[in-house]
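Q: I'm passing along coords_15.cif; it holds mmCIF, C-alpha atoms.
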```cif
data_structure
loop_
_atom_site.label_atom_id
_atom_site.label_comp_id
_atom_site.auth_asym_id
_atom_site.auth_seq_id
_atom_site.Cartn_x
_atom_site.Cartn_y
_atom_site.Cartn_z
CA LEU Q 112 -14.94 25.23 -18.40
CA LEU Q 113 -18.69 25.38 -18.93
CA LEU Q 114 -20.89 23.20 -21.12
CA GLN Q 115 -24.34 24.13 -22.47
CA ASP Q 116 -26.71 21.32 -23.45
CA ALA Q 117 -29.53 21.36 -26.03
CA ASP Q 118 -31.97 22.71 -23.47
CA GLY Q 119 -29.71 25.63 -22.65
CA LYS Q 120 -28.66 24.23 -19.27
CA VAL Q 121 -25.10 25.22 -18.37
CA SER Q 122 -22.91 22.74 -16.47
CA ARG Q 123 -19.41 23.02 -15.13
CA VAL Q 124 -16.91 20.75 -16.89
CA ILE Q 125 -14.25 18.93 -14.86
CA ARG Q 126 -11.60 17.22 -16.99
CA VAL Q 127 -10.11 14.04 -15.55
CA GLY Q 128 -6.76 12.77 -16.81
CA THR Q 129 -5.90 9.08 -17.05
CA ARG Q 130 -3.59 6.64 -18.75
CA LYS Q 131 -4.88 4.70 -21.75
CA SER Q 132 -4.60 1.20 -20.29
CA GLN Q 133 -7.77 -0.74 -19.56
CA LEU Q 134 -7.00 -0.88 -15.83
CA ALA Q 135 -6.33 2.85 -15.66
CA ARG Q 136 -9.68 3.54 -17.34
CA ILE Q 137 -11.52 1.21 -14.98
CA GLN Q 138 -9.93 2.91 -11.99
CA THR Q 139 -10.66 6.37 -13.33
CA ASP Q 140 -14.25 5.45 -14.17
CA SER Q 141 -14.79 4.20 -10.62
CA VAL Q 142 -13.62 7.52 -9.18
CA VAL Q 143 -15.63 9.58 -11.65
CA GLU Q 144 -18.77 7.59 -10.79
CA LYS Q 145 -18.33 8.50 -7.12
CA LEU Q 146 -17.85 12.16 -8.01
CA LYS Q 147 -20.92 12.12 -10.27
CA GLU Q 148 -23.05 10.82 -7.39
CA LEU Q 149 -21.86 13.69 -5.21
CA HIS Q 150 -22.04 16.34 -7.97
CA PRO Q 151 -24.81 15.38 -10.42
CA ASP Q 152 -24.82 18.85 -12.01
CA VAL Q 153 -21.14 18.67 -12.99
CA HIS Q 154 -20.03 17.19 -16.32
CA PHE Q 155 -16.92 15.02 -15.93
CA GLU Q 156 -14.87 14.51 -19.11
CA ILE Q 157 -12.15 11.86 -19.22
CA VAL Q 158 -8.93 12.68 -21.12
CA ALA Q 159 -6.66 9.68 -21.83
CA MET Q 160 -2.97 9.79 -22.79
CA SER Q 161 0.05 7.53 -22.93
CA THR Q 162 2.76 8.06 -20.32
CA THR Q 163 6.45 7.30 -20.05
CA GLY Q 164 5.76 3.93 -18.41
CA ASP Q 165 3.45 2.99 -21.28
CA LYS Q 166 6.00 3.93 -23.93
CA ILE Q 167 9.12 2.23 -22.56
CA LEU Q 168 8.03 -1.40 -22.64
CA ASP Q 169 11.40 -3.03 -23.26
CA THR Q 170 12.99 -1.83 -20.02
CA ALA Q 171 12.43 -3.06 -16.47
CA LEU Q 172 10.50 -0.54 -14.39
CA SER Q 173 13.37 -0.33 -11.92
CA LYS Q 174 15.65 0.93 -14.72
CA ILE Q 175 13.41 3.69 -16.11
CA GLY Q 176 14.28 6.08 -13.31
CA GLU Q 177 12.41 7.75 -10.54
CA LYS Q 178 12.01 11.18 -12.08
CA ILE Q 179 9.75 9.83 -14.81
CA HIS Q 180 6.77 8.25 -13.08
CA PRO Q 181 3.47 7.10 -14.59
CA SER Q 182 1.78 10.39 -13.85
CA LEU Q 183 0.33 12.45 -16.63
CA LEU Q 184 1.01 15.62 -14.71
CA LEU Q 185 4.61 14.71 -14.04
CA ASP Q 186 5.08 13.80 -17.69
CA ILE Q 187 4.02 17.36 -18.44
CA ILE Q 188 6.23 18.98 -15.82
CA TYR Q 189 9.36 17.20 -16.97
CA VAL Q 190 9.43 18.82 -20.41
CA TYR Q 191 13.16 18.25 -20.67
CA PHE Q 192 12.35 14.56 -21.00
CA ALA Q 193 10.50 15.47 -24.20
CA GLN Q 194 7.13 14.84 -22.54
CA ILE Q 195 5.88 18.12 -23.98
CA CYS Q 196 2.15 18.71 -24.12
CA SER Q 197 -0.35 21.22 -22.85
CA LEU Q 198 -2.52 18.81 -20.89
CA VAL Q 199 -1.59 20.60 -17.69
CA LEU Q 200 -3.90 23.38 -18.87
CA TRP Q 201 -6.64 20.95 -19.82
CA VAL Q 202 -7.18 18.61 -16.87
CA ASP Q 203 -8.38 19.40 -13.37
CA LEU Q 204 -7.45 16.12 -11.73
CA VAL Q 205 -5.74 12.82 -12.50
CA VAL Q 206 -6.48 9.37 -11.08
CA HIS Q 207 -3.46 7.21 -10.26
CA SER Q 208 -2.45 4.04 -8.51
CA LEU Q 209 -0.89 5.59 -5.41
CA LYS Q 210 2.09 3.24 -5.55
CA ASP Q 211 3.11 4.89 -8.86
CA LEU Q 212 3.41 8.37 -7.34
CA PRO Q 213 6.70 9.59 -5.83
CA THR Q 214 6.74 10.81 -2.23
CA VAL Q 215 7.60 14.34 -3.41
CA LEU Q 216 5.41 15.80 -6.15
CA PRO Q 217 6.31 18.70 -8.45
CA VAL Q 218 5.66 22.14 -7.00
CA GLY Q 219 2.05 23.13 -7.51
CA PHE Q 220 0.55 19.65 -7.34
CA THR Q 221 -0.83 17.53 -4.51
CA ILE Q 222 -2.72 14.30 -3.86
CA GLY Q 223 -6.15 15.55 -2.84
CA SER Q 224 -7.66 12.21 -1.92
CA VAL Q 225 -6.70 8.60 -1.24
CA LEU Q 226 -9.65 6.25 -1.63
CA LYS Q 227 -10.44 3.15 0.42
CA ARG Q 228 -7.78 0.57 -0.24
CA GLU Q 229 -8.40 -2.62 -2.18
CA ASN Q 230 -6.51 -5.74 -1.07
CA PRO Q 231 -2.87 -4.51 -1.12
CA HIS Q 232 -1.23 -7.93 -1.30
CA ASP Q 233 0.43 -9.59 -4.28
CA ALA Q 234 -1.16 -12.51 -6.10
CA VAL Q 235 0.18 -15.54 -7.94
CA VAL Q 236 -1.24 -16.21 -11.42
CA LEU Q 237 -0.29 -19.61 -12.79
CA HIS Q 238 0.22 -20.88 -16.33
CA PRO Q 239 -2.84 -23.03 -17.16
CA LYS Q 240 -0.72 -26.21 -17.13
CA HIS Q 241 0.07 -25.62 -13.44
CA LYS Q 242 -3.52 -25.05 -12.37
CA GLY Q 243 -4.09 -25.99 -8.72
CA LYS Q 244 -0.48 -25.52 -7.68
CA ARG Q 245 1.08 -22.92 -5.39
CA LEU Q 246 4.57 -21.37 -5.51
CA ASP Q 247 5.95 -23.95 -3.08
CA SER Q 248 4.64 -26.83 -5.22
CA LEU Q 249 5.95 -25.61 -8.60
CA PRO Q 250 8.72 -27.78 -10.07
CA SER Q 251 12.32 -26.82 -9.38
CA LYS Q 252 13.75 -24.16 -11.75
CA SER Q 253 10.26 -22.97 -12.72
CA VAL Q 254 10.42 -19.38 -14.01
CA VAL Q 255 8.27 -16.77 -12.30
CA GLY Q 256 7.75 -13.40 -13.96
CA THR Q 257 7.77 -10.10 -12.08
CA SER Q 258 8.89 -6.56 -12.92
CA SER Q 259 9.36 -5.74 -9.23
CA LEU Q 260 12.71 -5.89 -7.42
CA ARG Q 261 10.75 -5.94 -4.15
CA ARG Q 262 8.80 -9.05 -5.09
CA ALA Q 263 11.81 -10.84 -6.54
CA ALA Q 264 14.03 -10.14 -3.52
CA GLN Q 265 11.49 -11.51 -1.04
CA LEU Q 266 10.40 -14.49 -3.10
CA LYS Q 267 13.94 -15.58 -4.04
CA LYS Q 268 14.67 -16.07 -0.36
CA ARG Q 269 11.28 -17.62 0.43
CA PHE Q 270 11.19 -19.96 -2.59
CA PRO Q 271 14.84 -20.74 -3.52
CA HIS Q 272 13.81 -23.53 -5.91
CA LEU Q 273 12.28 -20.97 -8.30
CA GLU Q 274 13.86 -18.61 -10.84
CA PHE Q 275 12.66 -15.03 -11.34
CA LYS Q 276 12.74 -13.00 -14.55
CA ASP Q 277 11.48 -9.58 -15.64
CA ILE Q 278 8.15 -9.32 -17.41
CA ARG Q 279 6.82 -5.97 -18.72
CA GLY Q 280 3.56 -4.69 -20.11
CA ASN Q 281 0.12 -3.93 -18.73
CA LEU Q 282 -2.01 -6.62 -17.08
CA ASN Q 283 -3.49 -7.80 -20.38
CA THR Q 284 -0.05 -8.08 -21.98
CA ARG Q 285 1.48 -9.97 -19.05
CA LEU Q 286 -1.36 -12.47 -18.88
CA LYS Q 287 -1.08 -13.04 -22.63
CA LYS Q 288 2.67 -13.66 -22.30
CA LEU Q 289 1.96 -16.15 -19.50
CA ASP Q 290 -0.85 -18.05 -21.21
CA GLU Q 291 0.33 -18.17 -24.83
CA LYS Q 292 3.99 -19.05 -24.27
CA ASP Q 293 5.94 -21.43 -22.07
CA ASP Q 294 8.42 -18.80 -20.85
CA PHE Q 295 6.81 -18.49 -17.42
CA SER Q 296 5.23 -20.97 -15.01
CA ALA Q 297 3.64 -18.12 -13.07
CA ILE Q 298 3.63 -14.34 -12.75
CA ILE Q 299 3.20 -12.13 -9.70
CA LEU Q 300 0.70 -9.27 -9.93
CA ALA Q 301 -1.06 -6.94 -7.54
CA ALA Q 302 -4.29 -8.54 -6.35
CA ALA Q 303 -6.00 -5.13 -6.49
CA GLY Q 304 -5.50 -4.76 -10.24
CA LEU Q 305 -6.77 -8.26 -10.96
CA ARG Q 306 -9.87 -7.66 -8.86
CA ARG Q 307 -10.61 -4.32 -10.51
CA MET Q 308 -10.33 -5.97 -13.92
CA GLY Q 309 -12.76 -8.70 -12.83
CA TRP Q 310 -10.10 -11.41 -13.09
CA GLU Q 311 -10.25 -12.78 -9.55
CA ASN Q 312 -10.66 -16.27 -11.00
CA ARG Q 313 -7.03 -16.09 -12.21
CA ILE Q 314 -5.70 -15.67 -8.68
CA SER Q 315 -4.18 -18.96 -7.54
CA GLN Q 316 -2.66 -17.67 -4.32
CA ILE Q 317 -2.62 -14.46 -2.29
CA LEU Q 318 0.82 -13.82 -0.81
CA GLY Q 319 0.56 -12.84 2.84
CA PRO Q 320 3.18 -10.69 4.60
CA GLU Q 321 5.08 -13.80 5.70
CA ASP Q 322 5.76 -14.54 2.02
CA CYS Q 323 5.86 -11.10 0.41
CA MET Q 324 5.12 -7.70 1.92
CA TYR Q 325 3.64 -5.18 -0.48
CA ALA Q 326 4.74 -1.93 -2.09
CA VAL Q 327 4.17 1.46 -0.50
CA GLY Q 328 0.64 2.61 -1.38
CA GLN Q 329 -0.25 -0.62 -3.20
CA GLY Q 330 -3.99 -1.18 -3.65
CA ALA Q 331 -4.96 2.47 -3.09
CA LEU Q 332 -6.17 4.95 -5.70
CA ALA Q 333 -5.06 8.58 -5.50
CA VAL Q 334 -6.50 11.73 -7.05
CA GLU Q 335 -3.86 14.32 -7.98
CA VAL Q 336 -4.90 17.97 -8.36
CA ARG Q 337 -3.35 21.41 -8.66
CA ALA Q 338 -2.64 22.57 -5.13
CA ARG Q 339 -4.02 26.05 -5.80
CA ASP Q 340 -7.41 24.75 -7.00
CA GLN Q 341 -9.11 24.88 -3.61
CA ASP Q 342 -12.58 24.09 -4.97
CA ILE Q 343 -11.30 20.95 -6.74
CA LEU Q 344 -9.33 19.97 -3.64
CA GLU Q 345 -12.49 20.34 -1.55
CA MET Q 346 -14.50 18.38 -4.12
CA VAL Q 347 -12.20 15.34 -4.12
CA SER Q 348 -11.40 15.43 -0.38
CA VAL Q 349 -14.71 13.77 0.50
CA LEU Q 350 -13.39 10.62 -1.22
CA ASN Q 351 -10.64 10.23 1.41
CA ASP Q 352 -10.74 7.05 3.48
CA SER Q 353 -9.19 7.97 6.82
CA ASP Q 354 -7.62 4.58 7.60
CA THR Q 355 -6.15 4.26 4.11
CA VAL Q 356 -4.81 7.84 4.24
CA LEU Q 357 -3.05 7.23 7.55
CA ARG Q 358 -1.64 3.86 6.54
CA CYS Q 359 -0.32 5.24 3.25
CA ILE Q 360 1.11 8.40 4.81
CA SER Q 361 3.14 6.25 7.22
CA GLU Q 362 4.31 4.02 4.37
CA ARG Q 363 5.29 6.96 2.16
CA ALA Q 364 7.10 8.70 5.05
CA PHE Q 365 9.06 5.49 5.64
CA LEU Q 366 10.00 5.21 1.96
CA LYS Q 367 10.92 8.88 1.69
CA HIS Q 368 13.14 8.74 4.77
CA LEU Q 369 14.98 5.74 3.35
CA GLU Q 370 15.30 7.55 0.00
CA GLY Q 371 13.91 4.41 -1.60
CA GLY Q 372 11.82 3.87 -4.70
CA CYS Q 373 11.24 1.39 -7.52
CA SER Q 374 15.00 0.95 -8.06
CA VAL Q 375 15.52 -0.65 -4.62
CA PRO Q 376 13.65 -3.42 -2.76
CA VAL Q 377 11.58 -1.76 0.01
CA ALA Q 378 8.41 -3.40 1.35
CA VAL Q 379 5.76 -2.56 3.94
CA TYR Q 380 2.78 -3.95 5.80
CA THR Q 381 0.34 -1.75 7.75
CA GLU Q 382 -2.80 -2.28 9.78
CA ILE Q 383 -5.00 -0.31 12.16
CA LYS Q 384 -6.59 -1.98 15.16
CA ASN Q 385 -7.66 -0.73 18.59
CA SER Q 386 -6.75 2.87 17.70
CA GLN Q 387 -3.18 1.83 16.92
CA LEU Q 388 -1.44 2.21 13.55
CA TYR Q 389 1.10 -0.58 13.01
CA LEU Q 390 3.82 -0.21 10.37
CA THR Q 391 6.18 -3.01 9.38
CA GLY Q 392 8.93 -2.03 6.98
CA ALA Q 393 11.77 -3.94 5.38
CA VAL Q 394 14.68 -3.48 3.00
CA TYR Q 395 16.34 -6.24 0.98
CA SER Q 396 19.39 -6.98 -1.11
CA LEU Q 397 18.53 -7.86 -4.72
CA ASP Q 398 18.78 -11.61 -4.07
CA GLY Q 399 17.01 -11.36 -0.70
CA SER Q 400 19.96 -12.81 1.18
CA ASP Q 401 20.46 -9.66 3.23
CA SER Q 402 17.51 -7.89 4.84
CA LEU Q 403 16.28 -5.77 7.73
CA LYS Q 404 12.71 -5.82 9.02
CA GLU Q 405 11.11 -4.03 11.99
CA THR Q 406 7.67 -3.04 13.27
CA MET Q 407 6.59 0.08 15.15
CA GLN Q 408 3.22 1.51 16.18
CA THR Q 409 1.56 4.78 17.16
CA SER Q 410 -1.77 5.89 18.63
CA ILE Q 411 -4.30 7.47 16.26
CA SER Q 412 -7.25 7.91 18.57
CA SER Q 413 -7.98 11.50 17.55
CA ASP Q 414 -11.61 12.12 16.62
CA ASN Q 415 -11.30 15.86 16.06
CA GLN Q 416 -12.34 17.20 12.67
CA GLU Q 417 -10.49 20.49 12.84
CA LYS Q 418 -9.99 22.49 9.67
CA VAL Q 419 -6.94 21.11 7.90
CA ASP Q 420 -4.51 23.57 6.35
CA GLU Q 421 -4.75 22.99 2.59
CA LYS Q 422 -1.25 24.43 2.16
CA VAL Q 423 0.34 21.61 4.18
CA GLN Q 424 1.37 18.47 2.31
CA ARG Q 425 2.45 15.32 4.05
CA VAL Q 426 4.54 13.18 1.70
CA GLY Q 427 2.61 14.65 -1.22
CA ILE Q 428 -0.85 14.24 0.32
CA THR Q 429 -3.30 16.98 1.36
CA ALA Q 430 -6.11 15.19 3.24
CA LEU Q 431 -8.62 17.87 4.27
CA LYS Q 432 -11.05 15.51 6.00
CA VAL Q 433 -8.52 13.60 8.12
CA SER Q 434 -7.27 14.68 11.56
CA GLU Q 435 -4.03 16.66 11.34
CA ALA Q 436 -2.81 15.13 14.60
CA ASP Q 437 -3.29 11.64 13.20
CA GLN Q 438 -1.58 12.58 9.94
CA ASP Q 439 1.40 13.99 11.85
CA ALA Q 440 1.55 10.81 13.97
CA ALA Q 441 1.56 8.70 10.79
CA VAL Q 442 4.42 10.74 9.31
CA LYS Q 443 6.42 10.44 12.54
CA LEU Q 444 5.84 6.68 12.61
CA GLY Q 445 7.26 6.29 9.10
CA VAL Q 446 10.26 8.51 9.86
CA ASP Q 447 10.96 6.74 13.16
CA LEU Q 448 10.84 3.30 11.53
CA GLY Q 449 13.10 4.56 8.76
CA ASN Q 450 15.58 5.82 11.32
CA LEU Q 451 15.51 2.49 13.14
CA LEU Q 452 16.35 0.57 9.98
CA LEU Q 453 19.01 3.11 8.98
CA SER Q 454 20.64 2.68 12.38
CA LYS Q 455 20.88 -1.05 11.70
CA GLY Q 456 22.47 -0.72 8.25
CA ALA Q 457 19.60 -0.18 5.79
CA LYS Q 458 21.49 2.49 3.86
CA GLU Q 459 24.31 0.07 3.07
CA ILE Q 460 21.90 -2.64 1.88
CA LEU Q 461 19.99 -0.22 -0.36
CA THR Q 462 23.15 1.40 -1.74
CA VAL Q 463 24.51 -1.96 -2.85
CA ALA Q 464 21.11 -2.95 -4.28
CA ARG Q 465 20.89 0.30 -6.25
CA GLN Q 466 24.43 -0.09 -7.61
CA LEU Q 467 23.85 -3.69 -8.65
CA ASN Q 468 20.56 -2.79 -10.31
CA ASP Q 469 22.17 0.09 -12.21
CA ALA Q 470 24.91 -2.25 -13.42
CA ARG Q 471 22.48 -4.83 -14.80
#
```
Would you give me this structure, written as structure tokens?
A:
Amino acid sequence: LLLQDADGKVSRVIRVGTRKSQLARIQTDSVVEKLKELHPDVHFEIVAMSTTGDKILDTALSKIGEKIHPSLLLDIIYVYFAQICSLVLWVDLVVHSLKDLPTVLPVGFTIGSVLKRENPHDAVVLHPKHKGKRLDSLPSKSVVGTSSLRRAAQLKKRFPHLEFKDIRGNLNTRLKKLDEKDDFSAIILAAAGLRRMGWENRISQILGPEDCMYAVGQGALAVEVRARDQDILEMVSVLNDSDTVLRCISERAFLKHLEGGCSVPVAVYTEIKNSQLYLTGAVYSLDGSDSLKETMQTSISSDNQEKVDEKVQRVGITALKVSEADQDAAVKLGVDLGNLLLSKGAKEILTVARQLNDAR
């Protein structure tokens, strides 16, 4: 699309899709600002729409199903779920929280960039009457709200004196439910979302990996594009953060190999130090009583900037500015760790967890 201003100047128009929530808009705006700095002559137009996740607010996320994810583009592709619209012809890219995107995208779409990761850990937000406390100092039988099976499974085992219940809605809605009612003593939210909203002052405690490992891709923003739009792919690829790309590729490869998702408790922790990529992965029963957890590492010392094949996706990601050798090593790390856990009984744990969740 082209746009002509009052002075007759013609600019290219790039349409950016986003969800309607305040957090989604903040995240999208942050990406668009970066693109504007790099392409001042391009006009970026933001198109906001509701998605499946926004519409089904009375059902736990783990029950909605994995084929309907909070992606505008996927909403469009899955027309047989009555998500019929023509936005696919209108937008050039969509900004997502990476953790919301499945490890296999619909044919014709790819993640063109993964931006530098915000703090990926989970945070505790307390009811005002419990100000100054931590999870371990909350009274016995205190109710903690979370929509995540992963969080609940880990925290049930770590803090057996607490009770955990589902809480749905966007960040604003959840905080309102916490503050205005006495149903919850605390809720667990992603620290990244709270920080992006400017609500760091509500964080009472950051949960380290010893308490609660995070979700695959948590804290990272992803830009989804049409795979055939090479100029758009090239445009967004400069936003890639190499360390975040490699960490998230390993996490997504691990999740994909386990055939996991939001309907089963799978958690990860990654870090890069001394040219080594470390991946810790774990699977849990719903109550956290049964679990498997292992760590593996791989070298990622490649400095080569060879041309990356834009036709090759690695767990849904096409990272043009990141070493192919390092990307392949990250994929192998995730697959190898998945195989290690499967050899120790991960499939059985996840199968039971999925069955119990479906029966709830």
Q: Pick the closest to Q:Phe270 from Q:Asp203, Q:Glu405, Q:Asp469, Q:Asp398: which is it, counting only C-alpha atoms?
A: Q:Asp398
Q: Select, from Q:Ser434, Q:Val349, Q:Ser400, Q:Ala464, the residue with the minimum atom-to-atom distance to Q:Leu149, counting all atoms listed in the file.
A: Q:Val349
Q: How many Å separate atom CA of Q:Ile460 from atom CA of Q:Lys267?
A: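 Spanning atom CA of Q:Ile460 to atom CA of Q:Lys267 is a straight-line distance of 16.3 Å.
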Q: Identify all residues satisfying the PyMOL selection byres ((chain Q and resi 276) around 10) in the given file; provide them as a list in words.
A: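 Output from the PyMOL selection byres ((chain Q and resi 276) around 10), applied to this file: Val254, Val255, Gly256, Thr257, Ser258, Ser259, Ala263, Glu274, Phe275, Asp277, Ile278, Asp294, Phe295 and Ile298 of chain Q.
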Q: Give me the residues near Q:Ala302 as a PyMOL selection string, where near means some atom within 9 Å (using only C-alpha atoms) and where sequence neighbours in that chain fewer than 2 positions away do not count.
A: chain Q and resi 229-235+299-300+304-307+311+314+317+330
Q: Provide the atom CA of Q:Gln316 to atom CA of Q:Ile137 distance in Å, to one decimal place.
A: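 Separation of atom CA of Q:Gln316 and atom CA of Q:Ile137: 23.4 Å.
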Q: So which one's closest to Q:Leu204, Q:Thr221, Q:Ser253, Q:Ser315, Q:Thr409? Using only C-alpha atoms, please.
A: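 Of Q:Thr221, Q:Ser253, Q:Ser315, Q:Thr409, the one nearest Q:Leu204 is Q:Thr221, counting only C-alpha atoms.
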Q: With only C-alpha atoms as the atoms that count, which of Q:Ala430, Q:Ala297, Q:Val334, Q:Leu212 lies nearest to Q:Ser141?
A: Q:Val334
Q: List the residues matched by the PyMOL selection byres ((chain Q and resi 422) around 12) in the displayed structure as a list in words, ordered by chain and then by residue number.
A: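 Output of the PyMOL selection byres ((chain Q and resi 422) around 12): Val218, Gly219, Phe220, Thr221, Ile222, Gly223, Arg337, Ala338, Arg339, Asp340, Gln341, Leu344, Lys418, Val419, Asp420, Glu421, Val423, Gln424, Arg425, Gly427, Ile428, Thr429, Ala430 and Leu431 of chain Q.
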Q: Could you check how far atom CA of Q:Cys323 sits from atom CA of Q:Glu370, in Å to one decimal?
A: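 The value is 20.9 Å.
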Q: Which residue is closest to Q:Ala333? Choose from Q:Ser248, Q:Ser361, Q:Ser132, Q:Ser208 and count all atoms listed in the file.
A: Q:Ser208
